[in-house]
Amino acid sequence: MTPAILFAFGAMAAYVVLGLLHKKADRAGCRPTQINILLFGWSAIFSVILLLARGESLAVPGKVWAIALPSGICAATAILLFQIGVRVGKIATSWLIINLSAAIPILISLLLYREKVGAKQAVALAAMFAALILLWLERKQTEAANS
């Protein structure tokens with residue numbers, strides 16, 4: 001296995017645990033804003049420890065700020081909205097939509113960076129969009145049945 005695949009599986013495992021912890025927080029009645037603050041606070045502390053352990057500088061170049069600031073705002077907004085959404089909907093649907101949303105940056109990346117798509121990747125992208133359509137149809141049927 002290549003290191004890239006190992007990193008991808010490590011990230012996937014962390015996201016799995018993150019999703020489970022969000023549901024646990026909801027069941028425990030935790031407030032989404034507090035979860036968000038602590039999640040990103042501990043993330044910052046862990047990142048600083050990792051930087052120091054690797055002997056890297058804490059100085060942040062301007063180009064990193066230009067990417068990190070909007071990324072942090074998007075991440076905080078996404079996690080907060082997800083945590084609030086778990087309270088009013090199903091975690092299975094919310095988590096699936098968040099993970100399927102990866103199809104959008106993939107498509108944009110294909111268009112902007114002219115990346116090549118193999119047959120397996122094309123099938124996976126088609127399956128992502130099919131899943132989104134099926135979720136939308138299921139939600140529409142559920143709402144029609146409840147009205």
# chains A, B, ... in the order shown; residues from 1 in each chain; ligands from 1
>>> select_by_dssp(residues="stretch 22-74 of chain A", states="helix (DSSP H, G or I)", output="mmCIF file with all heavy atoms, in the first residue's frame")
data_model
loop_
_atom_site.group_PDB
_atom_site.id
_atom_site.type_symbol
_atom_site.label_atom_id
_atom_site.label_comp_id
_atom_site.auth_asym_id
_atom_site.auth_seq_id
_atom_site.Cartn_x
_atom_site.Cartn_y
_atom_site.Cartn_z
ATOM 1 N N HIS A 22 -19.928 12.868 17.525
ATOM 2 C CA HIS A 22 -20.987 13.873 17.341
ATOM 3 C C HIS A 22 -22.334 13.320 17.794
ATOM 4 O O HIS A 22 -23.116 14.012 18.436
ATOM 5 C CB HIS A 22 -21.065 14.319 15.883
ATOM 6 C CG HIS A 22 -20.092 15.380 15.537
ATOM 7 N ND1 HIS A 22 -20.101 16.622 16.117
ATOM 8 C CD2 HIS A 22 -19.059 15.388 14.661
ATOM 9 C CE1 HIS A 22 -19.125 17.352 15.611
ATOM 10 N NE2 HIS A 22 -18.473 16.618 14.737
ATOM 11 N N LYS A 23 -22.599 12.079 17.455
ATOM 12 C CA LYS A 23 -23.868 11.463 17.873
ATOM 13 C C LYS A 23 -23.888 11.297 19.393
ATOM 14 O O LYS A 23 -24.920 11.544 20.036
ATOM 15 C CB LYS A 23 -24.064 10.107 17.175
ATOM 16 C CG LYS A 23 -25.427 9.513 17.430
ATOM 17 C CD LYS A 23 -26.540 10.433 16.938
ATOM 18 C CE LYS A 23 -27.902 9.831 17.157
ATOM 19 N NZ LYS A 23 -28.968 10.699 16.668
ATOM 20 N N LYS A 24 -22.759 10.885 19.962
ATOM 21 C CA LYS A 24 -22.678 10.747 21.413
ATOM 22 C C LYS A 24 -22.917 12.101 22.085
ATOM 23 O O LYS A 24 -23.627 12.183 23.091
ATOM 24 C CB LYS A 24 -21.317 10.183 21.810
ATOM 25 C CG LYS A 24 -21.174 9.917 23.280
ATOM 26 C CD LYS A 24 -19.851 9.252 23.614
ATOM 27 C CE LYS A 24 -19.794 8.962 25.108
ATOM 28 N NZ LYS A 24 -18.619 8.202 25.463
ATOM 29 N N ALA A 25 -22.348 13.167 21.541
ATOM 30 C CA ALA A 25 -22.536 14.521 22.089
ATOM 31 C C ALA A 25 -24.005 14.926 22.021
ATOM 32 O O ALA A 25 -24.543 15.519 22.966
ATOM 33 C CB ALA A 25 -21.674 15.523 21.331
ATOM 34 N N ASP A 26 -24.655 14.594 20.908
ATOM 35 C CA ASP A 26 -26.067 14.920 20.773
ATOM 36 C C ASP A 26 -26.896 14.179 21.814
ATOM 37 O O ASP A 26 -27.756 14.762 22.474
ATOM 38 C CB ASP A 26 -26.551 14.574 19.363
ATOM 39 C CG ASP A 26 -28.046 14.802 19.211
ATOM 40 O OD1 ASP A 26 -28.506 15.935 19.482
ATOM 41 O OD2 ASP A 26 -28.752 13.839 18.837
ATOM 42 N N ARG A 27 -26.631 12.893 21.967
ATOM 43 C CA ARG A 27 -27.378 12.093 22.947
ATOM 44 C C ARG A 27 -27.135 12.558 24.375
ATOM 45 O O ARG A 27 -27.987 12.423 25.237
ATOM 46 C CB ARG A 27 -27.005 10.618 22.819
ATOM 47 C CG ARG A 27 -27.478 10.025 21.518
ATOM 48 C CD ARG A 27 -28.262 8.792 21.767
ATOM 49 N NE ARG A 27 -28.917 8.355 20.557
ATOM 50 C CZ ARG A 27 -28.995 7.109 20.198
ATOM 51 N NH1 ARG A 27 -28.435 6.178 20.925
ATOM 52 N NH2 ARG A 27 -29.635 6.781 19.103
ATOM 53 N N PRO A 32 -24.064 22.401 20.603
ATOM 54 C CA PRO A 32 -23.208 22.375 19.417
ATOM 55 C C PRO A 32 -22.096 23.424 19.426
ATOM 56 O O PRO A 32 -20.980 23.139 19.001
ATOM 57 C CB PRO A 32 -24.180 22.626 18.266
ATOM 58 C CG PRO A 32 -25.473 22.073 18.768
ATOM 59 C CD PRO A 32 -25.486 22.400 20.237
ATOM 60 N N THR A 33 -22.375 24.635 19.926
ATOM 61 C CA THR A 33 -21.330 25.658 19.922
ATOM 62 C C THR A 33 -20.179 25.284 20.846
ATOM 63 O O THR A 33 -19.011 25.522 20.526
ATOM 64 C CB THR A 33 -21.899 27.031 20.326
ATOM 65 O OG1 THR A 33 -22.681 26.888 21.501
ATOM 66 C CG2 THR A 33 -22.769 27.611 19.223
ATOM 67 N N GLN A 34 -20.489 24.674 21.979
ATOM 68 C CA GLN A 34 -19.424 24.247 22.891
ATOM 69 C C GLN A 34 -18.608 23.113 22.281
ATOM 70 O O GLN A 34 -17.387 23.077 22.419
ATOM 71 C CB GLN A 34 -20.012 23.823 24.235
ATOM 72 C CG GLN A 34 -20.548 24.985 25.029
ATOM 73 C CD GLN A 34 -21.187 24.530 26.327
ATOM 74 O OE1 GLN A 34 -21.709 23.435 26.419
ATOM 75 N NE2 GLN A 34 -21.127 25.402 27.326
ATOM 76 N N ILE A 35 -19.285 22.188 21.628
ATOM 77 C CA ILE A 35 -18.591 21.095 20.947
ATOM 78 C C ILE A 35 -17.624 21.687 19.926
ATOM 79 O O ILE A 35 -16.462 21.299 19.835
ATOM 80 C CB ILE A 35 -19.594 20.146 20.241
ATOM 81 C CG1 ILE A 35 -20.451 19.405 21.251
ATOM 82 C CG2 ILE A 35 -18.871 19.172 19.299
ATOM 83 C CD1 ILE A 35 -19.707 18.405 22.091
ATOM 84 N N ASN A 36 -18.112 22.644 19.146
ATOM 85 C CA ASN A 36 -17.297 23.266 18.098
ATOM 86 C C ASN A 36 -16.067 23.964 18.677
ATOM 87 O O ASN A 36 -14.956 23.780 18.185
ATOM 88 C CB ASN A 36 -18.154 24.259 17.315
ATOM 89 C CG ASN A 36 -17.882 24.236 15.843
ATOM 90 O OD1 ASN A 36 -17.451 23.238 15.292
ATOM 91 N ND2 ASN A 36 -18.129 25.351 15.195
ATOM 92 N N ILE A 37 -16.263 24.751 19.718
ATOM 93 C CA ILE A 37 -15.152 25.487 20.325
ATOM 94 C C ILE A 37 -14.099 24.513 20.857
ATOM 95 O O ILE A 37 -12.900 24.666 20.596
ATOM 96 C CB ILE A 37 -15.655 26.409 21.446
ATOM 97 C CG1 ILE A 37 -16.426 27.578 20.846
ATOM 98 C CG2 ILE A 37 -14.503 26.920 22.309
ATOM 99 C CD1 ILE A 37 -17.218 28.390 21.861
ATOM 100 N N LEU A 38 -14.534 23.512 21.581
ATOM 101 C CA LEU A 38 -13.583 22.560 22.148
ATOM 102 C C LEU A 38 -12.922 21.697 21.074
ATOM 103 O O LEU A 38 -11.728 21.407 21.149
ATOM 104 C CB LEU A 38 -14.258 21.692 23.208
ATOM 105 C CG LEU A 38 -14.630 22.448 24.490
ATOM 106 C CD1 LEU A 38 -15.461 21.580 25.407
ATOM 107 C CD2 LEU A 38 -13.381 22.949 25.196
ATOM 108 N N LEU A 39 -13.686 21.306 20.066
ATOM 109 C CA LEU A 39 -13.136 20.505 18.978
ATOM 110 C C LEU A 39 -11.985 21.255 18.309
ATOM 111 O O LEU A 39 -10.890 20.714 18.137
ATOM 112 C CB LEU A 39 -14.242 20.194 17.960
ATOM 113 C CG LEU A 39 -13.880 19.293 16.798
ATOM 114 C CD1 LEU A 39 -15.124 18.531 16.368
ATOM 115 C CD2 LEU A 39 -13.365 20.066 15.610
ATOM 116 N N PHE A 40 -12.210 22.503 17.950
ATOM 117 C CA PHE A 40 -11.168 23.258 17.264
ATOM 118 C C PHE A 40 -10.074 23.710 18.220
ATOM 119 O O PHE A 40 -8.916 23.839 17.812
ATOM 120 C CB PHE A 40 -11.779 24.410 16.466
ATOM 121 C CG PHE A 40 -12.458 23.914 15.218
ATOM 122 C CD1 PHE A 40 -13.827 23.761 15.164
ATOM 123 C CD2 PHE A 40 -11.711 23.550 14.112
ATOM 124 C CE1 PHE A 40 -14.447 23.270 14.033
ATOM 125 C CE2 PHE A 40 -12.317 23.057 12.972
ATOM 126 C CZ PHE A 40 -13.689 22.915 12.931
ATOM 127 N N GLY A 41 -10.400 23.938 19.476
ATOM 128 C CA GLY A 41 -9.380 24.277 20.466
ATOM 129 C C GLY A 41 -8.398 23.132 20.657
ATOM 130 O O GLY A 41 -7.177 23.318 20.618
ATOM 131 N N TRP A 42 -8.933 21.924 20.875
ATOM 132 C CA TRP A 42 -8.071 20.758 21.040
ATOM 133 C C TRP A 42 -7.315 20.448 19.754
ATOM 134 O O TRP A 42 -6.167 19.986 19.782
ATOM 135 C CB TRP A 42 -8.864 19.538 21.516
ATOM 136 C CG TRP A 42 -9.178 19.630 22.968
ATOM 137 C CD1 TRP A 42 -10.397 19.843 23.537
ATOM 138 C CD2 TRP A 42 -8.244 19.552 24.048
ATOM 139 N NE1 TRP A 42 -10.281 19.898 24.905
ATOM 140 C CE2 TRP A 42 -8.968 19.722 25.250
ATOM 141 C CE3 TRP A 42 -6.874 19.357 24.124
ATOM 142 C CZ2 TRP A 42 -8.359 19.695 26.496
ATOM 143 C CZ3 TRP A 42 -6.267 19.335 25.368
ATOM 144 C CH2 TRP A 42 -7.013 19.504 26.539
ATOM 145 N N SER A 43 -7.948 20.699 18.624
ATOM 146 C CA SER A 43 -7.272 20.503 17.343
ATOM 147 C C SER A 43 -6.069 21.430 17.231
ATOM 148 O O SER A 43 -4.987 21.018 16.786
ATOM 149 C CB SER A 43 -8.257 20.775 16.200
ATOM 150 O OG SER A 43 -7.606 20.700 14.961
ATOM 151 N N ALA A 44 -6.234 22.684 17.636
ATOM 152 C CA ALA A 44 -5.121 23.647 17.597
ATOM 153 C C ALA A 44 -3.998 23.210 18.535
ATOM 154 O O ALA A 44 -2.812 23.236 18.157
ATOM 155 C CB ALA A 44 -5.618 25.042 17.959
ATOM 156 N N ILE A 45 -4.369 22.796 19.738
ATOM 157 C CA ILE A 45 -3.350 22.349 20.704
ATOM 158 C C ILE A 45 -2.592 21.141 20.163
ATOM 159 O O ILE A 45 -1.361 21.088 20.206
ATOM 160 C CB ILE A 45 -4.002 22.045 22.071
ATOM 161 C CG1 ILE A 45 -4.476 23.346 22.717
ATOM 162 C CG2 ILE A 45 -3.029 21.289 22.984
ATOM 163 C CD1 ILE A 45 -5.386 23.144 23.922
ATOM 164 N N PHE A 46 -3.312 20.169 19.626
ATOM 165 C CA PHE A 46 -2.676 18.972 19.066
ATOM 166 C C PHE A 46 -1.753 19.352 17.906
ATOM 167 O O PHE A 46 -0.640 18.826 17.792
ATOM 168 C CB PHE A 46 -3.750 17.982 18.596
ATOM 169 C CG PHE A 46 -3.182 16.776 17.915
ATOM 170 C CD1 PHE A 46 -2.564 15.766 18.648
ATOM 171 C CD2 PHE A 46 -3.243 16.637 16.540
ATOM 172 C CE1 PHE A 46 -2.031 14.655 18.023
ATOM 173 C CE2 PHE A 46 -2.708 15.530 15.903
ATOM 174 C CZ PHE A 46 -2.099 14.537 16.650
ATOM 175 N N SER A 47 -2.197 20.277 17.061
ATOM 176 C CA SER A 47 -1.378 20.697 15.920
ATOM 177 C C SER A 47 -0.099 21.393 16.369
ATOM 178 O O SER A 47 0.972 21.173 15.792
ATOM 179 C CB SER A 47 -2.188 21.622 14.995
ATOM 180 O OG SER A 47 -3.262 20.908 14.434
ATOM 181 N N VAL A 48 -0.190 22.237 17.398
ATOM 182 C CA VAL A 48 1.007 22.908 17.923
ATOM 183 C C VAL A 48 1.971 21.879 18.496
ATOM 184 O O VAL A 48 3.184 21.932 18.243
ATOM 185 C CB VAL A 48 0.626 23.977 18.980
ATOM 186 C CG1 VAL A 48 1.843 24.463 19.746
ATOM 187 C CG2 VAL A 48 -0.085 25.153 18.309
ATOM 188 N N ILE A 49 1.449 20.922 19.245
ATOM 189 C CA ILE A 49 2.309 19.860 19.802
ATOM 190 C C ILE A 49 2.989 19.083 18.672
ATOM 191 O O ILE A 49 4.188 18.798 18.740
ATOM 192 C CB ILE A 49 1.491 18.917 20.721
ATOM 193 C CG1 ILE A 49 1.071 19.669 21.991
ATOM 194 C CG2 ILE A 49 2.277 17.657 21.057
ATOM 195 C CD1 ILE A 49 0.048 18.932 22.841
ATOM 196 N N LEU A 50 2.248 18.776 17.633
ATOM 197 C CA LEU A 50 2.807 18.052 16.490
ATOM 198 C C LEU A 50 3.904 18.865 15.813
ATOM 199 O O LEU A 50 4.972 18.337 15.482
ATOM 200 C CB LEU A 50 1.691 17.705 15.495
ATOM 201 C CG LEU A 50 2.073 16.834 14.309
ATOM 202 C CD1 LEU A 50 2.597 15.482 14.775
ATOM 203 C CD2 LEU A 50 0.879 16.652 13.407
ATOM 204 N N LEU A 51 3.661 20.160 15.610
ATOM 205 C CA LEU A 51 4.676 21.034 15.014
ATOM 206 C C LEU A 51 5.959 21.049 15.854
ATOM 207 O O LEU A 51 7.057 20.914 15.330
ATOM 208 C CB LEU A 51 4.151 22.464 14.900
ATOM 209 C CG LEU A 51 3.351 22.836 13.666
ATOM 210 C CD1 LEU A 51 2.792 24.237 13.792
ATOM 211 C CD2 LEU A 51 4.190 22.714 12.419
ATOM 212 N N LEU A 52 5.779 21.250 17.157
ATOM 213 C CA LEU A 52 6.933 21.306 18.046
ATOM 214 C C LEU A 52 7.679 19.978 18.085
ATOM 215 O O LEU A 52 8.902 19.946 18.090
ATOM 216 C CB LEU A 52 6.500 21.731 19.452
ATOM 217 C CG LEU A 52 5.929 23.162 19.566
ATOM 218 C CD1 LEU A 52 5.407 23.417 20.970
ATOM 219 C CD2 LEU A 52 6.960 24.197 19.153
ATOM 220 N N ALA A 53 6.947 18.878 18.091
ATOM 221 C CA ALA A 53 7.568 17.548 18.115
ATOM 222 C C ALA A 53 8.380 17.292 16.847
ATOM 223 O O ALA A 53 9.393 16.599 16.888
ATOM 224 C CB ALA A 53 6.506 16.467 18.287
ATOM 225 N N GLY A 62 2.286 34.293 5.228
ATOM 226 C CA GLY A 62 1.054 34.931 4.758
ATOM 227 C C GLY A 62 0.227 34.052 3.841
ATOM 228 O O GLY A 62 -0.998 34.030 3.932
ATOM 229 N N LYS A 63 0.895 33.292 2.952
ATOM 230 C CA LYS A 63 0.134 32.445 2.025
ATOM 231 C C LYS A 63 -0.612 31.339 2.768
ATOM 232 O O LYS A 63 -1.665 30.891 2.331
ATOM 233 C CB LYS A 63 1.023 31.887 0.917
ATOM 234 C CG LYS A 63 2.138 30.979 1.381
ATOM 235 C CD LYS A 63 3.003 30.551 0.209
ATOM 236 C CE LYS A 63 4.160 29.694 0.679
ATOM 237 N NZ LYS A 63 5.032 29.319 -0.434
ATOM 238 N N VAL A 64 -0.070 30.908 3.919
ATOM 239 C CA VAL A 64 -0.771 29.901 4.728
ATOM 240 C C VAL A 64 -1.997 30.542 5.380
ATOM 241 O O VAL A 64 -3.078 29.950 5.407
ATOM 242 C CB VAL A 64 0.169 29.274 5.777
ATOM 243 C CG1 VAL A 64 -0.591 28.356 6.720
ATOM 244 C CG2 VAL A 64 1.293 28.512 5.088
ATOM 245 N N TRP A 65 -1.833 31.756 5.918
ATOM 246 C CA TRP A 65 -2.986 32.467 6.499
ATOM 247 C C TRP A 65 -4.099 32.629 5.472
ATOM 248 O O TRP A 65 -5.283 32.475 5.795
ATOM 249 C CB TRP A 65 -2.575 33.850 7.009
ATOM 250 C CG TRP A 65 -1.950 33.843 8.360
ATOM 251 C CD1 TRP A 65 -0.631 34.020 8.646
ATOM 252 C CD2 TRP A 65 -2.616 33.628 9.612
ATOM 253 N NE1 TRP A 65 -0.420 33.933 10.002
ATOM 254 C CE2 TRP A 65 -1.627 33.695 10.623
ATOM 255 C CE3 TRP A 65 -3.929 33.383 9.987
ATOM 256 C CZ2 TRP A 65 -1.911 33.532 11.966
ATOM 257 C CZ3 TRP A 65 -4.216 33.222 11.324
ATOM 258 C CH2 TRP A 65 -3.226 33.294 12.294
ATOM 259 N N ALA A 66 -3.716 32.959 4.234
ATOM 260 C CA ALA A 66 -4.709 33.197 3.177
ATOM 261 C C ALA A 66 -5.533 31.952 2.866
ATOM 262 O O ALA A 66 -6.673 32.047 2.420
ATOM 263 C CB ALA A 66 -4.006 33.691 1.909
ATOM 264 N N ILE A 67 -4.963 30.785 3.119
ATOM 265 C CA ILE A 67 -5.690 29.532 2.897
ATOM 266 C C ILE A 67 -6.346 29.055 4.190
ATOM 267 O O ILE A 67 -7.495 28.617 4.202
ATOM 268 C CB ILE A 67 -4.745 28.438 2.341
ATOM 269 C CG1 ILE A 67 -4.245 28.840 0.966
ATOM 270 C CG2 ILE A 67 -5.442 27.087 2.295
ATOM 271 C CD1 ILE A 67 -3.098 27.996 0.456
ATOM 272 N N ALA A 68 -5.606 29.151 5.291
ATOM 273 C CA ALA A 68 -6.081 28.600 6.566
ATOM 274 C C ALA A 68 -7.277 29.361 7.135
ATOM 275 O O ALA A 68 -8.184 28.744 7.698
ATOM 276 C CB ALA A 68 -4.944 28.579 7.582
ATOM 277 N N LEU A 69 -7.283 30.667 7.000
ATOM 278 C CA LEU A 69 -8.388 31.444 7.576
ATOM 279 C C LEU A 69 -9.738 31.079 6.952
ATOM 280 O O LEU A 69 -10.658 30.679 7.674
ATOM 281 C CB LEU A 69 -8.101 32.942 7.477
ATOM 282 C CG LEU A 69 -9.123 33.844 8.156
ATOM 283 C CD1 LEU A 69 -9.185 33.565 9.656
ATOM 284 C CD2 LEU A 69 -8.774 35.299 7.905
ATOM 285 N N PRO A 70 -9.888 31.164 5.621
ATOM 286 C CA PRO A 70 -11.185 30.750 5.059
ATOM 287 C C PRO A 70 -11.477 29.268 5.256
ATOM 288 O O PRO A 70 -12.633 28.875 5.432
ATOM 289 C CB PRO A 70 -11.100 31.120 3.579
ATOM 290 C CG PRO A 70 -9.671 31.382 3.296
ATOM 291 C CD PRO A 70 -8.996 31.709 4.600
ATOM 292 N N SER A 71 -10.420 28.437 5.261
ATOM 293 C CA SER A 71 -10.633 27.003 5.497
ATOM 294 C C SER A 71 -11.163 26.767 6.905
ATOM 295 O O SER A 71 -12.070 25.948 7.104
ATOM 296 C CB SER A 71 -9.323 26.230 5.314
ATOM 297 O OG SER A 71 -8.891 26.308 3.987
ATOM 298 N N GLY A 72 -10.590 27.453 7.878
ATOM 299 C CA GLY A 72 -11.045 27.321 9.262
ATOM 300 C C GLY A 72 -12.479 27.787 9.434
ATOM 301 O O GLY A 72 -13.265 27.150 10.142
ATOM 302 N N ILE A 73 -12.822 28.883 8.776
ATOM 303 C CA ILE A 73 -14.194 29.387 8.845
ATOM 304 C C ILE A 73 -15.157 28.364 8.248
ATOM 305 O O ILE A 73 -16.208 28.064 8.831
ATOM 306 C CB ILE A 73 -14.317 30.754 8.149
ATOM 307 C CG1 ILE A 73 -13.555 31.819 8.961
ATOM 308 C CG2 ILE A 73 -15.772 31.154 7.953
ATOM 309 C CD1 ILE A 73 -13.370 33.140 8.234
ATOM 310 N N CYS A 74 -14.781 27.812 7.098
ATOM 311 C CA CYS A 74 -15.634 26.789 6.462
ATOM 312 C C CYS A 74 -15.749 25.542 7.332
ATOM 313 O O CYS A 74 -16.843 24.986 7.490
ATOM 314 C CB CYS A 74 -15.086 26.421 5.081
ATOM 315 S SG CYS A 74 -15.308 27.686 3.842
#
>>> residues_around(residues="stretch 107-116 of chain A", least_positions_apart="6", cutoff="12 Å", atoms="only C-alpha atoms", output="PDB file with N, CA, C and O atoms, in the first residue's frame")
ATOM      1  N   SER A 101     -20.521  15.036  -0.313  1.00  0.00           N
ATOM      2  CA  SER A 101     -20.224  16.372  -0.822  1.00  0.00           C
ATOM      3  C   SER A 101     -18.809  16.442  -1.382  1.00  0.00           C
ATOM      4  O   SER A 101     -18.461  17.384  -2.093  1.00  0.00           O
ATOM      5  N   ALA A 122     -14.695   7.152 -12.347  1.00  0.00           N
ATOM      6  CA  ALA A 122     -15.931   7.631 -12.969  1.00  0.00           C
ATOM      7  C   ALA A 122     -17.144   6.909 -12.382  1.00  0.00           C
ATOM      8  O   ALA A 122     -18.175   7.523 -12.107  1.00  0.00           O
ATOM      9  N   ALA A 124     -17.281   5.571  -9.380  1.00  0.00           N
ATOM     10  CA  ALA A 124     -17.427   6.050  -8.002  1.00  0.00           C
ATOM     11  C   ALA A 124     -18.120   7.416  -7.970  1.00  0.00           C
ATOM     12  O   ALA A 124     -19.007   7.652  -7.140  1.00  0.00           O
ATOM     13  N   LEU A 125     -17.754   8.319  -8.863  1.00  0.00           N
ATOM     14  CA  LEU A 125     -18.412   9.630  -8.934  1.00  0.00           C
ATOM     15  C   LEU A 125     -19.884   9.484  -9.295  1.00  0.00           C
ATOM     16  O   LEU A 125     -20.750  10.136  -8.702  1.00  0.00           O
ATOM     17  N   ALA A 126     -20.171   8.626 -10.246  1.00  0.00           N
ATOM     18  CA  ALA A 126     -21.570   8.402 -10.635  1.00  0.00           C
ATOM     19  C   ALA A 126     -22.360   7.832  -9.459  1.00  0.00           C
ATOM     20  O   ALA A 126     -23.509   8.224  -9.217  1.00  0.00           O
ATOM     21  N   MET A 128     -21.749   8.356  -6.296  1.00  0.00           N
ATOM     22  CA  MET A 128     -21.954   9.447  -5.332  1.00  0.00           C
ATOM     23  C   MET A 128     -23.172  10.280  -5.716  1.00  0.00           C
ATOM     24  O   MET A 128     -24.018  10.587  -4.877  1.00  0.00           O
ATOM     25  N   PHE A 129     -23.246  10.651  -6.995  1.00  0.00           N
ATOM     26  CA  PHE A 129     -24.381  11.453  -7.424  1.00  0.00           C
ATOM     27  C   PHE A 129     -25.690  10.665  -7.357  1.00  0.00           C
ATOM     28  O   PHE A 129     -26.729  11.208  -6.985  1.00  0.00           O
TER      29      PHE A 129
END
>>> atom_distance(atom1="atom CA of A:Thr93", atom2="atom CA of A:Ala145")
17.7 Å
>>> closest_residue(among="A:Trp136, A:Ala119, A:Ala76, A:Pro3", to="A:Leu96", atoms="only C-alpha atoms")
A:Trp136
>>> atom_distance(atom1="atom CA of A:Leu20", atom2="atom CA of A:Thr142")
24.7 Å
>>> atom_distance(atom1="atom CA of A:Leu132", atom2="atom CA of A:Leu100")
7.2 Å
